[in-house]
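Chemist: Got a structure for you, questions after.
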Amino acid sequence: GKQRADEFWKRHLRREDSAVADFFVGQLQSTIKCTKCNSTSSAYDPFWILQLAIPKNPSVERRNLVECLDFFTTAEHLDGSEKFCAKCKDRMKSTKQIEIQRFPLILVVQLKRFDMIYGYGEKDNTFVEFPMELVDMKKYRSATALVPKKYVLYGVVNHFGSLDWGHYTAIVKHPKQNAWFEFDDSRVMSVVDAGKVVRSAAYLLFYESESVRPKDALPSSGMSQQTVSTASSSSKTTKQTPLPPQAGKTTSNKKTTIGVEMDPKAQNKRDLKNRRVHDPLLQVN
């Protein structure tokens with residue numbers, strides 16, 4: 001249940017307590033169920049990228065991301081040689097289902113376009129349509145998972161070519177201008193039609209949860225002003241005085257803030273701890 005999932009998550013954070021873990025890492029729950037006695041056992045694993053297979057059907061030329069998510073979380077039937085049931089004391093037929101136990105703040109989706117078939121590599125060029133917003137992720141969660149209200153697409157990596165050769169481009173949404181730009185080597189081009197963001201070459205999709213706030217994602221570059229209290233004989237006044245230029249400089253890889261040297265690693269850990277307190281998706285009870 002949730003308590004066991006949280007223990008595995010804490011164990012992961014002890015190995016990787018970083019901004020990468022806070023923003024990009026989620027947790028999967030894999031449940032094995034015996035078809036005879038209905039007993040279950042669950043395992044929990046972190047994931048950085050949600051790798052989605054594209055359902056195979058020669059008669060279907062187009063798929064969509066929802067179909068890939070449905071296929072990913074559909075229960076898989078295992079024969080008796082693959083799983084030992086502790087209750088039945090024998091290898092039994094069972095089912096395996098994967099669900100999302102912990103949703104990351106930034107969801108990176110990989111469409112599994114490359115397969116090895118009989119020792120030969122092959123690329124799946126099926127057109128997979130994907131939405132600008134993912135608003136209903138409840139059916140892909142475990143029973144105790146917290147679900148973001150919605151994910152908003154902000155980046156796409158395209159792959160053109162085959163398994164042997166290829167070329168990558170990226171399309172990214174500007175956070176302030178609300179406009180899309182395509183990056184192709186040294187060229188940067190404006191994507192006027194937002195409908196052209198969805199292409200058959202899409203390989204990686206980047207979705208951002210509404211919980212991601214710019215003030216959390218972008219650390220402050222330092223204080224530009226300092227409040228200085230000066231006392232006079234009759235009363236106290238407060239005025240804004242600019243810091244001298246040298247106050248913002250760094251020395252020996254340590255950041256100086258109001259006369260106190262702080263190790264960047266300690267500062268990062270403090271910031272991560274503060275984010276976990278205020279963001280429910282990062283909390284571990």
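A note on labels: chains of the structure tokens are A, B, ... as shown, every chain counts residues from 1, and ligands are counted from 1 in their shown order.
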Write out as an MDAnalysis selection string the residues lying within 6 Å of stretch 182-196 of chain A, counting only C-alpha atoms and excluding same-chain residues fewer than 5 positions away.
Modeler: chainID A and resid 169:171
Chemist: Write the residues you've just listed into a file as a tab-separated table (two decimals), in the first residue's frame, and include all heavy atoms for each of them.
Modeler:
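Final file, part-v6.tsv:
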chain	number	residue	atom	x	y	z
A	169	THR	N	15.28	17.17	-33.98
A	169	THR	CA	14.90	18.57	-33.82
A	169	THR	C	14.04	18.69	-32.57
A	169	THR	O	13.55	17.68	-32.05
A	169	THR	CB	14.09	19.10	-35.03
A	169	THR	OG1	12.82	18.43	-35.08
A	169	THR	CG2	14.85	18.90	-36.33
A	170	ALA	N	13.87	19.90	-32.08
A	170	ALA	CA	13.06	20.12	-30.88
A	170	ALA	C	12.11	21.29	-31.11
A	170	ALA	O	12.45	22.26	-31.79
A	170	ALA	CB	13.95	20.41	-29.68
A	171	ILE	N	10.92	21.17	-30.56
A	171	ILE	CA	9.94	22.25	-30.58
A	171	ILE	C	9.59	22.58	-29.13
A	171	ILE	O	9.20	21.70	-28.36
A	171	ILE	CB	8.67	21.85	-31.35
A	171	ILE	CG1	9.03	21.45	-32.79
A	171	ILE	CG2	7.66	22.98	-31.36
A	171	ILE	CD1	7.84	20.97	-33.59
Chemist: Using only C-alpha atoms, which of A:Glu208, A:Glu7, A:Glu99, A:Asp124 sits nearest A:Phe160?
Modeler: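 When distances to A:Phe160 are compared using only C-alpha atoms, the smallest one comes from A:Asp124.
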Chemist: Give me, as a ChimeraX atom specification, all polymer residues having an atom no more than 7 Å from stretch 16-24 of chain A, counting only C-alpha atoms and skipping those fewer than 2 positions away in the same chain.
Modeler: /A:12-14,26,48,104-107,272,282
Chemist: Just to be explicit: take each residue in the selection above, keep N, CA and C atoms, and write the result as a PDB file, in the first residue's frame.
Modeler:
ATOM      1  N   HIS A  12      14.825   5.767  -2.289  1.00  0.00           N
ATOM      2  CA  HIS A  12      15.350   6.372  -3.521  1.00  0.00           C
ATOM      3  C   HIS A  12      15.926   7.754  -3.253  1.00  0.00           C
ATOM      4  N   LEU A  13      15.239   8.575  -2.430  1.00  0.00           N
ATOM      5  CA  LEU A  13      15.719   9.924  -2.141  1.00  0.00           C
ATOM      6  C   LEU A  13      17.029   9.914  -1.375  1.00  0.00           C
ATOM      7  N   ARG A  14      17.269   8.869  -0.595  1.00  0.00           N
ATOM      8  CA  ARG A  14      18.555   8.780   0.108  1.00  0.00           C
ATOM      9  C   ARG A  14      19.702   8.595  -0.873  1.00  0.00           C
ATOM     10  N   GLY A  26       9.202   9.997 -11.073  1.00  0.00           N
ATOM     11  CA  GLY A  26       7.953   9.488 -10.533  1.00  0.00           C
ATOM     12  C   GLY A  26       8.166   8.081 -10.016  1.00  0.00           C
ATOM     13  N   TRP A  48      12.207   7.900 -14.627  1.00  0.00           N
ATOM     14  CA  TRP A  48      12.572   9.227 -15.102  1.00  0.00           C
ATOM     15  C   TRP A  48      11.839   9.549 -16.401  1.00  0.00           C
ATOM     16  N   PRO A 104       5.275  12.592 -11.474  1.00  0.00           N
ATOM     17  CA  PRO A 104       6.312  13.630 -11.410  1.00  0.00           C
ATOM     18  C   PRO A 104       5.732  14.994 -11.752  1.00  0.00           C
ATOM     19  N   LEU A 105       6.410  16.043 -11.338  1.00  0.00           N
ATOM     20  CA  LEU A 105       5.976  17.389 -11.697  1.00  0.00           C
ATOM     21  C   LEU A 105       6.146  17.636 -13.189  1.00  0.00           C
ATOM     22  N   ILE A 106       7.220  17.085 -13.750  1.00  0.00           N
ATOM     23  CA  ILE A 106       7.433  17.159 -15.198  1.00  0.00           C
ATOM     24  C   ILE A 106       7.438  15.737 -15.742  1.00  0.00           C
ATOM     25  N   LEU A 107       6.446  15.437 -16.575  1.00  0.00           N
ATOM     26  CA  LEU A 107       6.291  14.091 -17.123  1.00  0.00           C
ATOM     27  C   LEU A 107       6.941  14.022 -18.500  1.00  0.00           C
ATOM     28  N   LEU A 272      15.075  22.268  -1.661  1.00  0.00           N
ATOM     29  CA  LEU A 272      14.292  21.082  -1.972  1.00  0.00           C
ATOM     30  C   LEU A 272      13.356  20.737  -0.836  1.00  0.00           C
ATOM     31  N   LEU A 282       5.001  16.284  -3.864  1.00  0.00           N
ATOM     32  CA  LEU A 282       6.333  15.921  -3.414  1.00  0.00           C
ATOM     33  C   LEU A 282       6.344  15.398  -1.979  1.00  0.00           C
TER      34      LEU A 282
END
Chemist: Taking 4 positions as the minimum chain separation for residues in the same chain, which residues sit within 12 Å of A:Tyr154 when counting only C-alpha atoms? Answer as a ChimeraX atom specification.
Modeler: /A:106-108,131-134,170-176,178-182,194,197-198,204-210
Chemist: Would you please extract all strand (DSSP E) residues from stretch 83-235 of chain A, as assigned by DSSP on the backbone, and give them as an MDAnalysis selection string?
Modeler: chainID A and resid 84:85 90:91 94:102 106:112 114:117 120:123 127:129 133:134 151:161 166:173 180:184 187:191 202:209 225:231
